[in-house]
Structures are given as C-alpha cells and as structure tokens.
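Peer 1: Mind looking over this structure? Questions follow.
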Amino acid sequence: MKINHLGIATKGIDEALKFWAGALGLENVHTETVEDQKVRVAMLPIGDTRIELLEATADDSPIAKFVEKRGGGIHHIAVEVENIEESLAKLKSEGMRLIDESPRVGAENCLVAFVHPSSANGVLLELVQKQ
C-alpha cells in the first residue's frame, strides 16, 4: 500500500491553485468533475503522491457540507490498495464501519470506497484501486 493522495476541500479550486500551483509551483496535471459525487477535482503531484483539491459542484455535496461546517482543509487520506474488494471485506470482517460496502468509480476512473472516520481514529480514509 501507499498514499495515493491527500484530499483537500476548498471553496474553489481556482483560488486554491493560487497557493498550490502559484506559490508552491506544483503542476495541476488533471482536472475533472465526478458527477455522482458532486465534486470537481484537480490533481497535483508532489513526490510519489498527489494533492487532490476538491470543490463542490452542488450545495448538497459532501464537500459543500464539509466546507460549510469546517471551512477548507484536509478532507481525507487516500490509500492505494491492490484489491479493493478484498480490503473492504477484511475491514468489514474486523468490525470496521464502512461508508461504502462496495467500490464505486471515482476520479481518474479508479475504484474508490470510504471508511468511516469512527473506525480510523477520526480520519476519513479512502481506499483507491487503479484500473
């Protein structure tokens, strides 16, 4: 396993890029909208991982709710796994609370599933499997 990305909730990607790309010099290599998650994402490589900037595309999206409640900031940590189905089954068998019991398609056509923060010491954990 490895850290795939750190998800950072923002009020707006364009504004956030002023810091991440402008001030730090990171390159935005990929931007897309994930319709079913009501989010626009921008991917910025940094070393062997990436910063994923997240912007809500609807008022009822999880990112909109997060930003409204907490402001912008770290939203989740994404860990890349080889087999997401096996990882979810193992976590479930150990009594972990899952937000997604089966994977769904996320950014860059990866399979993703979230583990509830109550089972991950207060951290929203995303499992990612590249296809």
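If you're wondering about the labels, chains in the structure tokens are A, B, ... by order shown, residues count from 1 in each chain, ligands from 1 in order shown.
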So that I can check the surroundings of Phe66 of chain A, please list as number ranges by chain every protein, DNA and RNA residue that reaches within 10 Å of it, counting only C-alpha atoms and ignoring chain neighbours fewer than 6 positions away.
Peer 2: A: 9-10, 56, 72-73, 75
Peer 1: I need the residues from that last selection saved to file as a PDB file, in the first residue's frame (with C-alpha atoms), if you can.
Peer 2:
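After the write, again14.pdb holds the following:
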ATOM      1  CA  ALA A   9     -11.618  20.527   0.482  1.00  0.00           C
ATOM      2  CA  THR A  10     -11.708  24.040  -0.975  1.00  0.00           C
ATOM      3  CA  ALA A  56     -18.308  21.102  -4.541  1.00  0.00           C
ATOM      4  CA  GLY A  72     -11.446  24.321   3.760  1.00  0.00           C
ATOM      5  CA  GLY A  73      -8.750  21.874   4.778  1.00  0.00           C
ATOM      6  CA  HIS A  75     -10.803  16.174   3.950  1.00  0.00           C
TER       7      HIS A  75
END
Peer 1: Leaving out segment 103-106 of chain A and any residue of its chain fewer than 2 positions from it, which residues lie within 10 Å of it when counting only C-alpha atoms, given as a PDB file with C-alpha atoms, in the first residue's frame?
Peer 2:
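Generated output (selection_28.pdb):
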ATOM      1  CA  THR A  33     -15.792  16.599 -12.461  1.00  0.00           C
ATOM      2  CA  VAL A  34     -17.062  13.426 -10.781  1.00  0.00           C
ATOM      3  CA  GLU A  35     -20.792  13.866 -11.318  1.00  0.00           C
ATOM      4  CA  ASP A  36     -22.126  11.210  -8.923  1.00  0.00           C
ATOM      5  CA  GLN A  37     -20.005  12.628  -6.084  1.00  0.00           C
ATOM      6  CA  ILE A  84     -10.250  -3.025  -3.066  1.00  0.00           C
ATOM      7  CA  GLU A  85     -12.860  -5.804  -2.709  1.00  0.00           C
ATOM      8  CA  LEU A  88     -13.212  -3.888   2.153  1.00  0.00           C
ATOM      9  CA  ASP A 100     -19.069   2.252   1.010  1.00  0.00           C
ATOM     10  CA  GLU A 101     -19.512  -1.509   1.303  1.00  0.00           C
ATOM     11  CA  GLU A 108      -9.374   9.130 -12.969  1.00  0.00           C
ATOM     12  CA  ASN A 109     -11.665   6.099 -13.356  1.00  0.00           C
ATOM     13  CA  CYS A 110     -10.249   4.474 -10.196  1.00  0.00           C
ATOM     14  CA  LEU A 111     -12.343   2.286  -7.932  1.00  0.00           C
ATOM     15  CA  VAL A 112     -12.854   4.009  -4.567  1.00  0.00           C
ATOM     16  CA  ALA A 113     -14.531   3.316  -1.239  1.00  0.00           C
ATOM     17  CA  PHE A 114     -14.553   5.250   2.022  1.00  0.00           C
ATOM     18  CA  LEU A 127      -9.313   3.193  -0.486  1.00  0.00           C
ATOM     19  CA  VAL A 128      -8.238   3.533  -4.125  1.00  0.00           C
ATOM     20  CA  GLN A 129      -7.610   0.828  -6.712  1.00  0.00           C
ATOM     21  CA  LYS A 130      -6.267   1.858 -10.100  1.00  0.00           C
ATOM     22  CA  GLN A 131      -7.944   0.087 -13.012  1.00  0.00           C
TER      23      GLN A 131
END
Peer 1: Can you work out the spacing between atom CA of Asp59 of chain A and atom CA of His76 of chain A in Å, to one decimal?
Peer 2: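 About the pair atom CA of Asp59 of chain A and atom CA of His76 of chain A: they are 19.4 Å apart.
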Peer 1: Using the chain letters and numbers from this document, which residues of segment 59-131 of chain A does DSSP assign to strand (DSSP E or B), as JSON, numbers by chain?
Peer 2: {"A": [73, 74, 75, 76, 77, 78, 79, 80, 98, 104, 105, 111, 112, 113, 114, 115, 125, 126, 127, 128, 129]}
Peer 1: Go through chain A and collect every residue that DSSP, computed from the backbone, puts in alpha helix (DSSP H); the answer should be as a list in words.
Peer 2: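 DSSP on the backbone gives alpha helix (DSSP H) at Ile13, Asp14, Glu15, Ala16, Leu17, Pro62, Ile63, Ala64, Lys65, Phe66, Val67, Glu68, Lys69, Arg70, Ile84, Glu85, Glu86, Ser87, Leu88, Ala89, Lys90, Leu91, Lys92 and Ser93 of chain A.
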Peer 1: Okay, now the selection with N, CA and C atoms, as a tab-separated table (two decimals), in the first residue's frame?
Peer 2:
chain	number	residue	atom	x	y	z
A	13	ILE	N	-11.43	25.62	-6.49
A	13	ILE	CA	-10.14	25.12	-6.96
A	13	ILE	C	-9.29	26.25	-7.53
A	14	ASP	N	-9.89	27.14	-8.31
A	14	ASP	CA	-9.10	28.21	-8.93
A	14	ASP	C	-8.40	29.06	-7.88
A	15	GLU	N	-9.10	29.38	-6.81
A	15	GLU	CA	-8.49	30.16	-5.73
A	15	GLU	C	-7.39	29.35	-5.03
A	16	ALA	N	-7.67	28.07	-4.77
A	16	ALA	CA	-6.68	27.21	-4.10
A	16	ALA	C	-5.42	27.04	-4.94
A	17	LEU	N	-5.58	27.02	-6.25
A	17	LEU	CA	-4.41	26.87	-7.13
A	17	LEU	C	-3.45	28.05	-7.05
A	62	PRO	N	-21.14	16.24	-0.38
A	62	PRO	CA	-20.38	16.07	0.86
A	62	PRO	C	-19.31	17.15	1.05
A	63	ILE	N	-18.69	17.60	-0.03
A	63	ILE	CA	-17.65	18.63	0.09
A	63	ILE	C	-18.27	19.96	0.50
A	64	ALA	N	-19.43	20.31	-0.06
A	64	ALA	CA	-20.11	21.55	0.32
A	64	ALA	C	-20.44	21.53	1.80
A	65	LYS	N	-20.93	20.39	2.28
A	65	LYS	CA	-21.28	20.26	3.70
A	65	LYS	C	-20.04	20.37	4.58
A	66	PHE	N	-18.95	19.75	4.15
A	66	PHE	CA	-17.69	19.81	4.89
A	66	PHE	C	-17.19	21.25	4.99
A	67	VAL	N	-17.14	21.95	3.86
A	67	VAL	CA	-16.63	23.32	3.83
A	67	VAL	C	-17.53	24.24	4.65
A	68	GLU	N	-18.83	24.04	4.58
A	68	GLU	CA	-19.76	24.86	5.35
A	68	GLU	C	-19.55	24.66	6.86
A	69	LYS	N	-19.32	23.43	7.25
A	69	LYS	CA	-19.17	23.10	8.67
A	69	LYS	C	-17.78	23.43	9.22
A	70	ARG	N	-16.73	23.12	8.44
A	70	ARG	CA	-15.36	23.22	8.94
A	70	ARG	C	-14.47	24.21	8.21
A	84	ILE	N	-9.35	-3.78	-3.93
A	84	ILE	CA	-10.25	-3.02	-3.07
A	84	ILE	C	-11.34	-3.90	-2.47
A	85	GLU	N	-11.83	-4.89	-3.22
A	85	GLU	CA	-12.86	-5.80	-2.71
A	85	GLU	C	-12.34	-6.58	-1.50
A	86	GLU	N	-11.12	-7.11	-1.63
A	86	GLU	CA	-10.52	-7.84	-0.51
A	86	GLU	C	-10.28	-6.93	0.69
A	87	SER	N	-9.81	-5.72	0.43
A	87	SER	CA	-9.55	-4.77	1.51
A	87	SER	C	-10.84	-4.44	2.26
A	88	LEU	N	-11.92	-4.19	1.52
A	88	LEU	CA	-13.21	-3.89	2.15
A	88	LEU	C	-13.72	-5.08	2.96
A	89	ALA	N	-13.60	-6.29	2.41
A	89	ALA	CA	-14.05	-7.50	3.11
A	89	ALA	C	-13.26	-7.68	4.42
A	90	LYS	N	-11.96	-7.46	4.37
A	90	LYS	CA	-11.12	-7.60	5.57
A	90	LYS	C	-11.53	-6.58	6.63
A	91	LEU	N	-11.69	-5.32	6.22
A	91	LEU	CA	-12.09	-4.28	7.17
A	91	LEU	C	-13.46	-4.59	7.77
A	92	LYS	N	-14.39	-5.03	6.94
A	92	LYS	CA	-15.74	-5.36	7.44
A	92	LYS	C	-15.68	-6.53	8.42
A	93	SER	N	-14.88	-7.55	8.11
A	93	SER	CA	-14.78	-8.72	8.99
A	93	SER	C	-14.15	-8.35	10.34
Peer 1: Show me a table, sorted first by chain and then by increasing residue number, of the residues of segment 20-57 of chain A having an atom at most 9 Å from segment 2-6 of chain A, each with its shortest atom pair and the distance in Å to one decimal, counting only C-alpha atoms and written as a tab-separated table.
Peer 2:
residue	atom	partner	partner_atom	distance
A:Met43	CA	A:His5	CA	8.6
A:Pro45	CA	A:His5	CA	8.6
A:Asp48	CA	A:Asn4	CA	8.1
A:Thr49	CA	A:Asn4	CA	5.4
A:Arg50	CA	A:His5	CA	4.6
A:Ile51	CA	A:Leu6	CA	5.1
A:Glu52	CA	A:Leu6	CA	5.9
A:Leu53	CA	A:Leu6	CA	8.4
Peer 1: Provide the atom CA of Gly47 of chain A to atom CA of Gly71 of chain A distance in Å, to one decimal place.
Peer 2: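 Separating atom CA of Gly47 of chain A from atom CA of Gly71 of chain A is a distance of 26.5 Å.
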Peer 1: With distances taken over only C-alpha atoms, which residue among A:Asn121, A:Glu80, A:Glu126, A:Val39 lies nearest Ile99 of chain A?
Peer 2: A:Glu126
Peer 1: Considering only C-alpha atoms, state which residue in the set A:Ala58, A:Val115, A:Ala21, A:Val123 is at the smallest distance from Leu44 of chain A.
Peer 2: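 Selected residue with least distance to Leu44 of chain A: A:Ala21.
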Peer 1: Between A:Gly95, A:Gly22, A:Gly7, A:Gly122, which is the closest to Glu55 of chain A once you count only C-alpha atoms?
Peer 2: A:Gly7
Peer 1: Work out how far atom CA of Ala42 of chain A is from atom CA of Glu27 of chain A, in Å to one decimal.
Peer 2: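 Interatomic distance here is 9.8 Å.
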